[in-house]
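K.L.:
Compact mmCIF, C-alpha atoms, file query20.txt:
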```txt
# COMPACT_ATOMS: atom_id res chain seq x y z
CA MET A 11 0.00 0.00 0.00
CA LYS A 12 2.89 2.40 0.61
CA LYS A 13 3.55 2.89 -3.10
CA PHE A 14 -0.03 4.15 -3.49
CA LEU A 15 0.28 6.56 -0.56
CA PRO A 16 1.02 9.68 -2.66
CA LEU A 17 -2.04 9.01 -4.82
CA VAL A 18 -4.24 8.52 -1.75
CA LEU A 19 -2.91 11.72 -0.16
CA GLY A 20 -3.59 13.67 -3.33
CA LEU A 21 -7.13 12.34 -3.58
CA CYS A 22 -7.87 13.17 0.05
CA SER A 23 -6.42 16.64 -0.38
CA SER A 24 -8.61 17.27 -3.42
CA LEU A 25 -11.66 16.34 -1.39
CA ALA A 26 -10.53 18.69 1.36
CA LEU A 27 -10.12 21.48 -1.20
CA ALA A 28 -13.69 21.06 -2.33
CA GLN A 29 -14.84 21.42 1.26
CA ASP A 30 -12.57 24.34 2.25
CA SER A 31 -11.02 26.40 -0.51
CA SER A 32 -9.45 28.73 2.03
CA GLN A 33 -6.73 26.22 3.09
CA SER A 34 -3.09 27.01 2.32
CA GLU A 35 -1.21 25.11 -0.39
CA GLU A 36 0.95 23.40 2.24
CA ASP A 37 -2.09 22.39 4.25
CA LEU A 38 -3.69 21.01 1.12
CA TRP A 39 -0.81 19.09 -0.49
CA GLY A 40 1.51 18.51 2.45
CA SER A 41 5.07 19.68 2.84
CA ASP A 42 7.97 18.68 0.59
CA ASP A 43 9.35 16.56 3.44
CA GLN A 44 6.12 14.61 3.72
CA TRP A 45 6.10 13.91 -0.02
CA GLY A 46 9.74 12.89 0.04
CA ASP A 47 9.07 10.38 2.82
CA ALA A 48 6.11 8.94 0.92
CA TRP A 49 8.06 8.48 -2.32
CA ALA A 50 11.02 7.00 -0.43
CA ASP A 51 8.72 4.40 1.11
CA ALA A 52 7.25 3.63 -2.31
CA GLU A 53 10.68 3.19 -3.91
CA GLU A 54 11.89 1.01 -1.02
CA GLU A 55 8.95 -1.36 -1.40
CA SER A 56 9.36 -1.47 -5.20
CA SER A 57 13.06 -2.35 -4.93
CA SER A 58 12.33 -5.20 -2.54
CA SER A 59 9.53 -6.73 -4.61
CA TRP A 60 9.91 -10.15 -6.22
CA ASP A 61 9.22 -10.93 -9.86
CA TRP A 62 7.32 -14.18 -10.44
CA ARG A 63 6.63 -15.59 -13.88
CA GLY A 64 6.50 -18.88 -15.72
CA PHE A 65 5.10 -20.97 -18.53
CA THR A 66 3.68 -24.35 -19.42
CA GLU A 67 4.53 -25.96 -22.74
CA LEU A 68 3.63 -29.12 -24.64
CA GLY A 69 5.82 -30.42 -27.46
CA VAL A 70 5.45 -33.26 -29.96
CA GLY A 71 7.75 -34.32 -32.79
CA ALA A 72 7.98 -37.14 -35.31
CA PHE A 73 10.72 -38.49 -37.55
CA ARG A 74 10.19 -38.06 -41.29
CA ARG A 75 11.82 -41.38 -42.08
CA ALA A 76 11.95 -44.77 -40.42
CA SER A 77 12.49 -43.92 -36.77
CA PRO A 78 16.00 -44.34 -35.38
CA SER A 79 14.74 -43.72 -31.85
CA PRO A 80 13.80 -46.67 -29.63
CA ASP A 81 10.77 -44.65 -28.49
CA GLY A 82 9.65 -43.75 -32.01
CA ASN A 83 9.33 -40.00 -31.36
CA SER A 84 11.78 -37.14 -31.73
CA LEU A 85 9.91 -35.01 -29.16
CA LEU A 86 7.15 -35.86 -26.72
CA GLU A 87 7.16 -33.84 -23.52
CA SER A 88 5.41 -31.43 -21.21
CA ARG A 89 7.39 -28.75 -19.41
CA SER A 90 6.39 -26.21 -16.76
CA GLN A 91 8.74 -23.52 -15.52
CA LEU A 92 8.47 -21.14 -12.58
CA SER A 93 11.01 -18.33 -12.29
CA VAL A 94 11.52 -15.93 -9.41
CA SER A 95 13.97 -13.07 -9.02
CA GLY A 96 14.50 -10.22 -6.61
CA TYR A 97 16.76 -8.75 -4.00
CA LEU A 98 17.73 -10.05 -0.58
CA GLY A 99 19.10 -6.85 0.81
CA GLU A 100 21.79 -5.87 -1.71
CA THR A 101 22.11 -9.39 -3.14
CA TYR A 102 20.21 -10.34 -6.28
CA LEU A 103 18.69 -13.84 -6.36
CA SER A 104 17.42 -15.60 -9.48
CA GLY A 105 15.89 -19.06 -9.74
CA LYS A 106 14.23 -21.07 -12.52
CA PHE A 107 12.64 -24.42 -11.65
CA GLU A 108 11.02 -26.88 -14.03
CA LEU A 109 8.79 -29.93 -14.01
CA LEU A 110 9.55 -32.03 -17.08
CA LEU A 111 7.92 -35.17 -18.37
CA ASP A 112 10.08 -36.33 -21.28
CA ASP A 113 8.46 -39.42 -22.74
CA VAL A 114 11.34 -40.02 -25.18
CA ASP A 115 14.19 -40.38 -22.69
CA ASP A 116 12.31 -41.03 -19.46
CA ASP A 117 8.62 -41.36 -18.64
CA LYS A 118 9.12 -40.08 -15.10
CA VAL A 119 8.45 -36.52 -13.95
CA GLN A 120 11.74 -34.71 -13.35
CA LEU A 121 12.25 -31.67 -11.14
CA LEU A 122 15.02 -29.58 -12.71
CA THR A 123 16.85 -26.50 -11.51
CA ARG A 124 17.69 -24.53 -14.62
CA GLU A 125 18.97 -21.54 -12.72
CA LEU A 126 19.70 -20.68 -9.09
CA TYR A 127 22.34 -18.11 -8.29
CA LEU A 128 23.25 -15.16 -6.07
CA ASP A 129 24.70 -12.00 -7.59
CA HIS A 130 26.37 -9.53 -5.24
CA SER A 131 28.26 -6.30 -5.93
CA LEU A 132 31.31 -6.03 -3.69
CA SER A 133 31.95 -2.51 -4.99
CA ASP A 134 31.15 -0.27 -7.95
CA LYS A 135 33.73 -2.19 -9.99
CA LEU A 136 33.56 -5.75 -8.66
CA SER A 137 30.69 -8.25 -8.59
CA VAL A 138 30.40 -11.95 -7.83
CA ARG A 139 27.82 -14.44 -9.12
CA LEU A 140 27.69 -17.87 -7.51
CA GLY A 141 25.46 -20.83 -8.30
CA ARG A 142 23.72 -22.55 -11.18
CA GLN A 143 23.75 -20.19 -14.16
CA ILE A 144 23.64 -20.07 -17.94
CA LEU A 145 26.65 -18.41 -19.53
CA THR A 146 27.57 -17.61 -23.11
CA TRP A 147 30.51 -15.82 -24.77
CA GLY A 148 31.57 -15.03 -28.31
CA THR A 149 29.92 -13.54 -31.38
CA GLY A 150 28.80 -16.62 -33.33
CA ASP A 151 25.21 -17.55 -34.12
CA PHE A 152 24.88 -21.29 -33.31
CA VAL A 153 28.68 -21.42 -33.76
CA PHE A 154 30.95 -21.46 -30.70
CA LEU A 155 34.67 -20.79 -30.91
CA ASN A 156 35.48 -19.38 -27.46
CA ASP A 157 32.39 -20.49 -25.57
CA PHE A 158 33.09 -23.66 -23.55
CA PHE A 159 30.01 -23.49 -21.37
CA PRO A 160 27.73 -26.54 -21.71
CA LYS A 161 25.36 -26.98 -24.65
CA ASP A 162 22.36 -29.29 -25.05
CA TRP A 163 22.58 -30.55 -28.62
CA GLN A 164 19.71 -32.98 -27.96
CA SER A 165 17.44 -29.96 -27.52
CA MET A 166 18.61 -28.32 -30.73
CA LEU A 167 17.89 -31.38 -32.87
CA SER A 168 14.54 -32.16 -31.23
CA GLY A 169 12.84 -28.79 -31.71
CA ARG A 170 12.88 -27.30 -28.23
CA GLU A 171 13.16 -23.54 -27.80
CA ASP A 172 16.55 -22.23 -28.97
CA ASP A 173 17.29 -21.04 -25.42
CA TYR A 174 17.61 -24.68 -24.36
CA LEU A 175 20.71 -25.12 -26.48
CA LYS A 176 22.46 -23.29 -23.63
CA ALA A 177 22.69 -25.58 -20.60
CA PRO A 178 23.42 -24.47 -17.01
CA SER A 179 26.63 -24.98 -15.08
CA ASN A 180 27.47 -24.70 -11.38
CA SER A 181 30.01 -21.91 -11.49
CA LEU A 182 31.59 -18.93 -9.81
CA LYS A 183 31.74 -15.80 -11.96
CA ILE A 184 33.80 -12.78 -10.91
CA SER A 185 33.44 -9.58 -12.95
CA TYR A 186 35.61 -6.49 -12.78
CA PHE A 187 34.39 -3.32 -14.50
CA GLY A 188 37.32 -1.06 -15.30
CA SER A 189 37.52 2.32 -16.98
CA ALA A 190 39.41 0.89 -19.96
CA ALA A 191 38.16 -2.72 -20.05
CA ASN A 192 36.08 -5.33 -18.24
CA LEU A 193 37.34 -8.67 -16.98
CA ASP A 194 35.22 -11.79 -16.42
CA LEU A 195 36.58 -14.91 -14.75
CA VAL A 196 34.48 -18.09 -14.56
CA TRP A 197 35.50 -21.13 -12.55
CA THR A 198 33.52 -24.36 -12.78
CA PRO A 199 34.88 -26.83 -10.16
CA GLU A 200 33.81 -29.94 -12.07
CA LEU A 201 33.49 -30.51 -15.80
CA SER A 202 30.13 -29.29 -17.14
CA ALA A 203 29.89 -31.35 -20.31
CA ASP A 204 27.56 -30.98 -23.27
CA SER A 205 24.46 -33.08 -23.61
CA HIS A 206 25.78 -34.56 -26.84
CA ILE A 207 24.20 -36.80 -29.46
CA SER A 208 24.98 -40.28 -28.20
CA GLY A 209 22.45 -42.60 -29.82
CA GLU A 210 19.61 -42.96 -27.32
CA ARG A 211 17.50 -40.25 -28.97
CA PHE A 212 19.09 -39.66 -32.41
CA ALA A 213 21.29 -41.96 -34.48
CA TYR A 214 24.89 -40.79 -34.90
CA TYR A 215 27.99 -41.94 -36.75
CA ASN A 216 30.30 -44.08 -34.64
CA PRO A 217 33.83 -43.92 -36.15
CA MET A 218 34.89 -47.08 -34.29
CA LEU A 219 32.13 -49.07 -36.01
CA GLY A 220 32.12 -47.11 -39.26
CA ARG A 221 28.33 -46.62 -39.32
CA PRO A 222 25.47 -44.74 -37.64
CA VAL A 223 24.24 -46.39 -34.47
CA VAL A 224 21.30 -46.28 -32.08
CA GLU A 225 22.17 -47.32 -28.56
CA PRO A 226 21.40 -46.58 -24.92
CA ARG A 227 23.20 -43.57 -23.50
CA VAL A 228 26.87 -44.48 -23.11
CA VAL A 229 28.51 -42.97 -20.04
CA ALA A 230 31.93 -41.61 -20.96
CA ASP A 231 34.89 -41.53 -18.60
CA GLU A 232 35.00 -38.13 -16.88
CA PRO A 233 38.00 -36.44 -15.25
CA GLU A 234 38.54 -37.23 -11.61
CA HIS A 235 36.61 -34.97 -9.26
CA ASP A 236 39.61 -32.91 -8.23
CA ILE A 237 40.06 -29.18 -7.78
CA HIS A 238 42.68 -29.25 -10.53
CA ASN A 239 40.21 -30.77 -13.01
CA GLY A 240 37.74 -27.92 -13.23
CA GLN A 241 37.21 -25.45 -16.04
CA LEU A 242 38.62 -21.94 -15.97
CA ALA A 243 37.50 -19.34 -18.52
CA LEU A 244 38.60 -15.72 -18.84
CA ARG A 245 37.32 -12.86 -20.99
CA LEU A 246 38.77 -9.36 -21.34
CA SER A 247 36.38 -7.01 -23.17
CA ALA A 248 36.06 -3.36 -24.09
CA THR A 249 33.94 -1.10 -26.27
CA LYS A 250 35.54 1.81 -28.10
CA SER A 251 33.65 4.10 -30.51
CA GLY A 252 30.89 1.54 -30.88
CA VAL A 253 33.28 -1.36 -31.60
CA GLU A 254 33.25 -4.33 -29.20
CA TYR A 255 36.57 -6.09 -28.61
CA ALA A 256 37.20 -9.24 -26.57
CA ALA A 257 40.03 -11.65 -25.80
CA TYR A 258 39.50 -15.12 -24.33
CA ALA A 259 41.43 -17.86 -22.58
CA TYR A 260 40.29 -21.30 -21.39
CA ARG A 261 41.83 -24.21 -19.52
CA GLY A 262 39.87 -27.40 -19.05
CA PHE A 263 38.56 -30.16 -21.29
CA TYR A 264 36.70 -30.74 -24.52
CA THR A 265 33.02 -30.55 -23.58
CA GLN A 266 32.20 -33.65 -25.64
CA PRO A 267 33.81 -37.08 -25.14
CA ASN A 268 35.33 -37.20 -28.62
CA SER A 269 38.47 -39.08 -27.57
CA VAL A 270 38.81 -42.85 -27.21
CA LYS A 271 40.92 -45.05 -24.94
CA PRO A 272 42.05 -47.85 -27.31
CA GLU A 273 42.68 -50.28 -24.45
CA THR A 274 39.06 -50.11 -23.26
CA GLY A 275 37.23 -48.61 -26.25
CA ARG A 276 35.60 -46.07 -23.92
CA ASN A 277 35.16 -42.43 -24.81
CA TYR A 278 36.57 -39.73 -22.57
CA TYR A 279 37.01 -35.95 -22.31
CA ALA A 280 40.50 -34.94 -23.45
CA SER A 281 42.34 -31.96 -21.96
CA LEU A 282 42.12 -28.66 -23.80
CA ASN A 283 43.54 -25.15 -23.68
CA ALA A 284 42.10 -22.41 -25.89
CA TYR A 285 42.93 -18.80 -26.72
CA GLY A 286 40.96 -16.42 -28.90
CA ALA A 287 39.64 -12.98 -29.76
CA SER A 288 36.54 -11.41 -31.27
CA LEU A 289 35.31 -8.13 -32.70
CA ARG A 290 31.83 -6.76 -33.39
CA THR A 291 31.32 -3.45 -35.19
CA PRO A 292 28.69 -1.50 -37.14
CA LEU A 293 29.32 -1.69 -40.87
CA GLY A 294 27.06 0.01 -43.38
CA LYS A 295 23.48 -0.64 -42.31
CA GLY A 296 24.33 -3.81 -40.42
CA ILE A 297 26.66 -5.44 -37.90
CA LEU A 298 29.91 -7.24 -38.73
CA ASN A 299 31.39 -9.82 -36.35
CA THR A 300 34.58 -11.80 -36.55
CA GLU A 301 36.16 -14.30 -34.19
CA PHE A 302 39.29 -16.42 -33.93
CA ALA A 303 40.35 -19.29 -31.65
CA TYR A 304 43.29 -21.64 -31.18
CA TRP A 305 42.37 -24.97 -29.60
CA ASP A 306 45.42 -26.64 -28.06
CA SER A 307 44.77 -30.37 -27.62
CA ARG A 308 46.97 -31.02 -24.58
CA ASP A 309 46.68 -34.81 -24.68
CA ASP A 310 47.99 -34.98 -28.26
CA SER A 311 50.44 -32.13 -28.73
CA ASN A 312 52.04 -33.56 -31.88
CA GLY A 313 48.83 -34.79 -33.53
CA ALA A 314 50.03 -38.38 -33.87
CA ASN A 315 47.20 -40.01 -31.90
CA SER A 316 44.19 -40.53 -34.16
CA PHE A 317 41.99 -41.32 -31.13
CA ILE A 318 42.32 -37.75 -29.83
CA PRO A 319 41.30 -34.56 -31.69
CA ASN A 320 44.18 -32.60 -33.17
CA SER A 321 44.83 -29.02 -32.20
CA GLN A 322 42.89 -26.61 -34.43
CA LEU A 323 42.66 -23.02 -35.57
CA LYS A 324 39.11 -21.72 -35.95
CA TYR A 325 37.95 -18.67 -37.91
CA LEU A 326 34.56 -16.97 -38.12
CA ILE A 327 33.20 -13.95 -39.97
CA GLY A 328 29.56 -12.89 -40.05
CA TYR A 329 27.26 -10.04 -41.06
CA GLU A 330 23.66 -9.20 -40.18
CA GLN A 331 21.37 -6.50 -41.58
CA GLU A 332 17.70 -5.57 -41.73
CA LEU A 333 17.12 -5.60 -45.48
CA PHE A 334 13.67 -4.05 -45.24
CA ALA A 335 11.06 -3.47 -42.55
CA ASN A 336 10.73 -6.55 -40.31
CA PHE A 337 13.01 -8.69 -42.52
CA THR A 338 16.51 -9.46 -41.23
CA ALA A 339 19.21 -11.60 -42.83
CA GLY A 340 22.45 -12.83 -41.31
CA ALA A 341 25.24 -14.93 -42.81
CA GLN A 342 28.43 -16.51 -41.41
CA TRP A 343 31.48 -18.33 -42.75
CA TYR A 344 33.16 -20.67 -40.27
CA THR A 345 36.40 -22.58 -40.91
CA GLU A 346 38.28 -25.18 -38.87
CA GLN A 347 41.93 -25.86 -39.71
CA THR A 348 43.29 -29.11 -38.32
CA LEU A 349 46.94 -28.76 -37.32
CA ASP A 350 49.51 -31.60 -37.51
CA PHE A 351 47.24 -33.20 -40.09
CA ASP A 352 50.05 -35.10 -41.84
CA ALA A 353 51.12 -36.72 -38.55
CA ALA A 354 47.54 -37.70 -37.77
CA LYS A 355 47.08 -39.17 -41.25
CA ALA A 356 50.33 -41.13 -41.05
CA ASN A 357 49.32 -42.67 -37.72
CA ALA A 358 45.62 -43.13 -38.43
CA THR A 359 43.99 -46.40 -37.47
CA PRO A 360 42.74 -48.24 -40.60
CA GLY A 361 39.06 -47.53 -41.19
CA PHE A 362 39.02 -44.65 -38.70
CA LYS A 363 37.68 -41.43 -40.28
CA LEU A 364 39.89 -38.38 -39.78
CA ALA A 365 38.62 -34.83 -39.57
CA ASN A 366 39.25 -32.81 -42.73
CA LYS A 367 42.36 -30.65 -42.73
CA TRP A 368 40.11 -27.75 -43.71
CA HIS A 369 36.44 -27.92 -42.77
CA HIS A 370 34.00 -25.15 -43.68
CA ASN A 371 30.46 -24.26 -42.72
CA ALA A 372 28.35 -21.45 -44.16
CA THR A 373 25.25 -20.38 -42.25
CA LEU A 374 22.23 -18.28 -43.16
CA ARG A 375 19.56 -16.87 -40.85
CA LEU A 376 16.39 -15.28 -42.25
CA THR A 377 13.72 -13.73 -40.03
CA TYR A 378 10.50 -12.09 -41.25
CA MET A 379 7.83 -10.74 -38.89
CA THR A 380 4.27 -10.14 -40.12
CA MET A 381 0.80 -9.45 -38.68
CA GLU A 382 2.11 -6.65 -36.44
CA GLN A 383 5.03 -8.93 -35.47
CA LYS A 384 2.71 -11.60 -34.11
CA LEU A 385 3.66 -14.10 -36.85
CA THR A 386 7.37 -14.82 -37.34
CA TRP A 387 8.81 -16.85 -40.21
CA SER A 388 12.42 -17.95 -39.69
CA LEU A 389 15.04 -20.20 -41.24
CA PHE A 390 18.49 -21.14 -40.04
CA ALA A 391 20.67 -23.16 -42.41
CA PHE A 392 24.09 -24.81 -42.20
CA TYR A 393 25.91 -25.90 -45.35
CA SER A 394 29.36 -27.48 -45.57
CA PRO A 395 30.95 -27.07 -49.01
CA ASP A 396 33.78 -29.53 -48.33
CA GLU A 397 31.44 -32.31 -47.11
CA ASN A 398 28.44 -31.22 -49.20
CA ASP A 399 25.94 -31.78 -46.39
CA PHE A 400 23.42 -29.45 -44.77
CA TYR A 401 21.11 -28.82 -41.83
CA LEU A 402 17.92 -26.74 -42.21
CA LYS A 403 15.89 -25.34 -39.30
CA PRO A 404 12.68 -23.70 -40.61
CA LYS A 405 10.24 -22.44 -37.97
CA ILE A 406 6.94 -20.54 -37.80
CA THR A 407 5.96 -18.83 -34.54
CA TYR A 408 2.53 -17.31 -33.90
CA ARG A 409 2.16 -15.20 -30.76
CA ARG A 410 -1.57 -14.89 -30.27
CA ASP A 411 -1.30 -12.62 -27.22
CA ASP A 412 0.84 -12.15 -24.13
CA HIS A 413 -0.04 -15.68 -22.99
CA TRP A 414 -0.42 -18.07 -25.94
CA THR A 415 2.33 -18.96 -28.44
CA PHE A 416 2.19 -21.65 -31.13
CA ILE A 417 5.26 -23.02 -32.92
CA VAL A 418 5.78 -25.47 -35.77
CA GLY A 419 9.13 -26.33 -37.31
CA ALA A 420 11.48 -28.94 -38.67
CA ASN A 421 15.04 -30.23 -38.44
CA GLU A 422 16.08 -31.42 -41.89
CA PHE A 423 19.44 -33.04 -42.65
CA GLY A 424 20.78 -34.08 -46.03
CA GLY A 425 23.64 -34.31 -48.49
CA GLY A 426 27.03 -35.88 -47.91
CA ASP A 427 27.01 -39.36 -46.45
CA LEU A 428 26.32 -40.96 -43.08
CA SER A 429 29.83 -40.20 -41.83
CA GLN A 430 29.59 -36.43 -42.29
CA GLU A 431 28.90 -33.78 -39.67
CA TRP A 432 25.30 -33.15 -40.77
CA GLY A 433 24.82 -36.09 -43.13
CA GLN A 434 25.02 -38.57 -40.23
CA PHE A 435 21.70 -37.23 -38.92
CA LYS A 436 19.69 -37.81 -42.12
CA PRO A 437 17.75 -40.65 -40.46
CA SER A 438 16.86 -38.21 -37.65
CA SER A 439 15.17 -35.53 -39.77
CA ASN A 440 11.98 -34.54 -37.97
CA VAL A 441 9.04 -32.15 -37.70
CA TYR A 442 7.64 -30.77 -34.45
CA ALA A 443 4.97 -28.57 -32.89
CA ARG A 444 4.81 -26.79 -29.54
CA VAL A 445 2.17 -24.80 -27.72
CA LYS A 446 3.19 -22.52 -24.86
CA TYR A 447 1.18 -20.66 -22.23
CA THR A 448 3.05 -17.91 -20.39
CA PHE A 449 1.89 -16.48 -17.09
```
Could you render the structure as structure tokens?

P.N.:
Amino acid sequence: MKKFLPLVLGLCSSLALAQDSSQSEEDLWGSDDQWGDAWADAEEESSSSWDWRGFTELGVGAFRRASPSPDGNSLLESRSQLSVSGYLGETYLSGKFELLLDDVDDDKVQLLTRELYLDHSLSDKLSVRLGRQILTWGTGDFVFLNDFFPKDWQSMLSGREDDYLKAPSNSLKISYFGSAANLDLVWTPELSADSHISGERFAYYNPMLGRPVVEPRVVADEPEHDIHNGQLALRLSATKSGVEYAAYAYRGFYTQPNSVKPETGRNYYASLNAYGASLRTPLGKGILNTEFAYWDSRDDSNGANSFIPNSQLKYLIGYEQELFANFTAGAQWYTEQTLDFDAAKANATPGFKLANKWHHNATLRLTYMTMEQKLTWSLFAFYSPDENDFYLKPKITYRRDDHWTFIVGANEFGGGDLSQEWGQFKPSSNVYARVKYTF
């Protein structure tokens, strides 16, 4: 009620004026001190309020070809999320909690914590965020060169909201805001790995077998739970004359178990260091971004072990522009250069597929909003010219009002062969639909 106090006082004073027009202005409206106290109380209550919101969503999806999934569906789930945020004194608290019934992977109701962290400013220039949080760095669109925070690739291929590609990690983030540049340091005590494509939901190419496989989720060997086996990421960023600059460093592990122990045949997460930089700047009527990264494969420094990824250089350049009202186009060119390729080729295990020395991906994003921006038509496309395979993500979103949203889309793979990056998922091409109620 305190935040309505000034309005109530004004209304009462107006009534008093009608009854006695001879009152002084101060008698009628109250002194400046009284008004200041009232507004202070209102602002104090507003700053301590909590924001509650959430949604409920149903999603269904089906494979376009003979189903590679043991369940027979690419998506069949109900999800409800409740989020709350606000201040505890000077500390900001944010939480997102979900009830999920995923009938593809598990027919049991799961209670998930998508986000739960405390954010506290130690000073005007130093803040700390601790807890379960979703982090993202870099300039790429669905392409990650210097972002080693966990991703959920199962979500991307099944048709969930794009936000679910970013998975949470239990981390400590320290941010320093300087006059010349900002510094972010993120420490994750234990490896936060990707939810990768591993066969229980979508078929994938197994290089050890030389063919796509469907299998129960295989648990890879993880690093020992030791303080020295966490992930440490650093970003130094600055903005000058509208241009955003950033430099990155990372020490930890590959976030997918793409290495193999020949003696056991089990996959594991190899050690990795990475260093990179990015730039984003206005150019013409659009935005240009470019990014670079060097991935140092610590477990195979000379590239002679074909069971461990070679070190790589990665390059990205992209451009986005609104071509006309409500129609935006963005394109990227992404290249991976495998280092020590000759050594890897000379020591390759017979029948084991090596990564290309040069691997390219071009991407295109088109977004068109109609019906007063209630109906959105979008397409995201990957195409690899060296492997001649592709991945198309068309989607139509209709926002009926502030509560109801309807989505239909597809994940279409083709070209190349079943050993290629996108070609391996041809049996997993699917269509999906979701309906979402926000409250």

K.L.:
Pick the closest to Glu431 of chain A from A:Val94, A:Thr274, A:Tyr214, A:Thr407: which is it, counting only C-alpha atoms?

P.N.:
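For Glu431 of chain A, the nearest of the candidates is A:Tyr214.
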
K.L.:
Measuring between only C-alpha atoms, which one of A:Leu201, A:Leu122, A:Leu326, A:Leu195 shows the shortest distance to Ile237 of chain A?

P.N.:
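Nearest candidate to Ile237 of chain A out of A:Leu201, A:Leu122, A:Leu326, A:Leu195: A:Leu201.
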
K.L.:
Applying 9 Å and all atoms listed in the file, which residues near Ala248 of chain A remain after dropping the ones on its own chain fewer than 4 positions away? List them as a PyMOL selection string.

P.N.:
chain A and resi 190-193+253-256

K.L.:
Kindly indicate which residue among A:Pro319, A:Gly425, A:Gly340, A:Pro272 lies nearest to Thr359 of chain A, using all atoms listed in the file for the distances.

P.N.:
A:Pro272

K.L.:
May I have the residues within 6 Å of segment 69-73 of chain A as a count of residues only, using all atoms listed in the file and disregarding those fewer than 5 positions away in the same chain?

P.N.:
11

K.L.:
Considering all atoms listed in the file, state which residue in the set A:Gly64, A:Tyr378, A:Gly105, A:Asp115 is at the smallest distance from Gln91 of chain A.

P.N.:
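Once distances to Gln91 of chain A are computed over all atoms listed in the file, the minimum belongs to A:Gly64.
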
K.L.:
Atom CA of His206 of chain A to atom CA of Ser181 of chain A: how many Å, to one decimal?

P.N.:
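Computing it gives 20.3 Å between the two atoms.
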
K.L.:
Would you mind telling me which residue in A:Ser131, A:Gln331, A:Gln266, A:Ser90 lies nearest to Trp163 of chain A when using all atoms listed in the file?

P.N.:
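Looking at the shortest contact to Trp163 of chain A, the residue is A:Gln266.
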
K.L.:
To one decimal place, how far is atom CA of Glu301 of chain A from atom CA of Trp432 of chain A in Å?

P.N.:
22.7 Å

K.L.:
Which is closest to Leu323 of chain A among A:Leu374, A:Leu145, A:Ala303, A:Ala341, if we use all atoms listed in the file?

P.N.:
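For Leu323 of chain A, the nearest of the candidates is A:Ala303.
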
K.L.:
I'd like the contact shell of Asp157 of chain A - 7 Å cut-off, all atoms listed in the file, skipping same-chain residues fewer than 3 positions apart - returned as number ranges by chain.

P.N.:
A: 146-148, 154

K.L.:
May I have the residues from that selection written out with C-alpha atoms, as an mmCIF file, in the frame of the given file?

P.N.:
```
data_model
loop_
_atom_site.group_PDB
_atom_site.id
_atom_site.type_symbol
_atom_site.label_atom_id
_atom_site.label_comp_id
_atom_site.auth_asym_id
_atom_site.auth_seq_id
_atom_site.Cartn_x
_atom_site.Cartn_y
_atom_site.Cartn_z
ATOM 1 C CA THR A 146 27.570 -17.610 -23.110
ATOM 2 C CA TRP A 147 30.510 -15.820 -24.770
ATOM 3 C CA GLY A 148 31.570 -15.030 -28.310
ATOM 4 C CA PHE A 154 30.950 -21.460 -30.700
#
```

K.L.:
Write out as a list in words each polymer residue whose atoms come within 9 Å of Asn357 of chain A, counting only C-alpha atoms; drop sequence neighbours fewer than 3 positions from it.

P.N.:
Gly313, Ala314, Asn315, Ser316, Asp352, Ala353 and Ala354 of chain A

K.L.:
Quick one: 3 Å padding each side, axis-aligned, all listed atoms of segment 326-330 of chain A - centre and edge lengths in Å to one decimal, as lines of an AutoDock Vina configuration file?

P.N.:
```
center_x = 29.1
center_y = -13.1
center_z = -39.6
size_x = 16.9
size_y = 13.8
size_z = 8.9
```
